[in-house]
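Following: one structure in structure tokens, then a few remarks.
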Amino acid sequence: MDSRVKQLEKKQKLHAMLKEQHDAEIKELMHYMSTLTTVENNLVRSYLHTLLADGLRHIEYISKIMAEIEGATGSASLTKKGIAESIQDEMDSRDTLLKCAELASDDAETAALLKSISVDEEHHMKILEHLSELVESSR
């Protein structure tokens with residue numbers, strides 16, 4: 001029993017440390033994203049994009065390990081309900097972006113950029129709908 005307690009304490013410590021790292025990764029991503037908006041140099045922008053992509057991957061890996069420690073299934077968000085919520089979130093984002101574009105109509109470049117992002121949100125909805133079909137057909 002003593003070894004089970006030690007193992008549990010070790011897992012709890014690991015989870016706490018991973019949570020700290022997860023939060024640090026998110027903080028770094030937010031910093032890189034805010035920096036990206038002010039950088040004009042394409043090489044520097046490219047490096048920032050690499051840091052962002054790597055950071056997202058790190059968050060994904062850390063989250064998976066934390067979920068395993070917590071006893072989660074790892075595919076809990078890949079449920080019909082979870083995907084439907086994600087689709088709704090994308091739809092809400094698209095609608096918000098279109099409203100923002102309308103408000104920014106006096107700045108053609110900003111309005112066009114916001115509309116472009118809203119098109120990405122539409123694409124995300126299609127991907128999620130397809131993912132939902134794949135998940136349902138695999139059951």
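We name chains A, B, ... following the order of the structure tokens; residues begin at 1 in each chain, and ligands are numbered from 1 as shown.
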
What lies within 8 Å of range 120-125 of chain A using only C-alpha atoms, ignoring chain neighbours under 2 positions off, as a short mmCIF file (atom, residue, chain, number, x, y, z; two decimals) with C-alpha atoms, in the first residue's frame?
data_model
loop_
_atom_site.label_atom_id
_atom_site.label_comp_id
_atom_site.auth_asym_id
_atom_site.auth_seq_id
_atom_site.Cartn_x
_atom_site.Cartn_y
_atom_site.Cartn_z
CA ILE A 87 -19.24 23.85 -34.74
CA GLU A 90 -16.95 28.39 -35.01
CA MET A 91 -20.31 29.73 -36.18
CA SER A 93 -16.79 33.32 -34.21
CA ARG A 94 -17.70 33.72 -37.87
CA SER A 116 -10.92 36.42 -44.65
CA ILE A 117 -10.76 35.03 -41.12
CA SER A 118 -14.54 34.47 -41.19
CA ILE A 127 -13.94 20.16 -41.32
CA LEU A 128 -15.77 19.59 -38.03
CA GLU A 129 -18.88 18.37 -39.85
#

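CA of Glu28 in chain A to CA of Ile62 in chain A spans 14.6 Å [interatomic distance, one decimal].
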
Excluding Lys81 in chain A and residues on its chain fewer than 2 positions from it, collect all residues at most 12 Å away from it, counting only C-alpha atoms, and give them as an mmCIF file with C-alpha atoms, in the first residue's frame.
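In the end it all went to out04.cif:
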data_model
loop_
_atom_site.group_PDB
_atom_site.id
_atom_site.type_symbol
_atom_site.label_atom_id
_atom_site.label_comp_id
_atom_site.auth_asym_id
_atom_site.auth_seq_id
_atom_site.Cartn_x
_atom_site.Cartn_y
_atom_site.Cartn_z
ATOM 1 C CA ALA A 76 -13.779 12.816 -24.967
ATOM 2 C CA SER A 77 -14.088 15.901 -27.159
ATOM 3 C CA LEU A 78 -14.638 13.682 -30.195
ATOM 4 C CA THR A 79 -18.241 13.049 -29.319
ATOM 5 C CA ILE A 83 -18.163 18.389 -32.106
ATOM 6 C CA ALA A 84 -21.569 20.089 -32.295
ATOM 7 C CA GLU A 85 -20.415 22.553 -29.617
ATOM 8 C CA SER A 86 -17.222 23.228 -31.576
ATOM 9 C CA ILE A 87 -19.238 23.850 -34.737
ATOM 10 C CA GLN A 88 -21.432 26.289 -32.811
ATOM 11 C CA LEU A 128 -15.769 19.591 -38.032
ATOM 12 C CA GLU A 129 -18.883 18.375 -39.849
ATOM 13 C CA SER A 132 -18.389 14.257 -36.971
ATOM 14 C CA VAL A 135 -16.454 9.663 -35.734
ATOM 15 C CA GLU A 136 -20.043 8.448 -36.146
#

Backbone DSSP call of helix (DSSP H, G or I) for chain A, listed as an MDAnalysis selection string | chainID A and resid 2:36 42:70 80:103 108:137

With distances taken over only C-alpha atoms, which of A:His130, A:Lys11, A:His49, A:Lys27 is nearest to Ile65 in chain A?
->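 For Ile65 in chain A, the nearest of the candidates is A:Lys11.
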
Which one is closest to Gln12 in chain A: A:Leu48, A:Met66, A:Met33, A:Ile59? Count only C-alpha atoms.
-> A:Met66

Do you have the CA of Glu70 in chain A-CA of Asp54 in chain A distance handy?
->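 Rounded to one decimal, the two atoms are 24.2 Å apart.
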
With only C-alpha atoms as the basis for distance, which of A:Asn42, A:Leu51, A:Leu56, A:Ala112 is at the shortest distance from Asp23 in chain A?
-> A:Leu56

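Straight-line separation from CA of Gly82 in chain A to CA of Met30 in chain A: 24.9 Å.
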
Closest to Glu60 in chain A among A:Ala111, A:Ile26, A:Leu36, A:Val44, using only C-alpha atoms?
->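 When distances to Glu60 in chain A are compared using only C-alpha atoms, the smallest one comes from A:Ile26.
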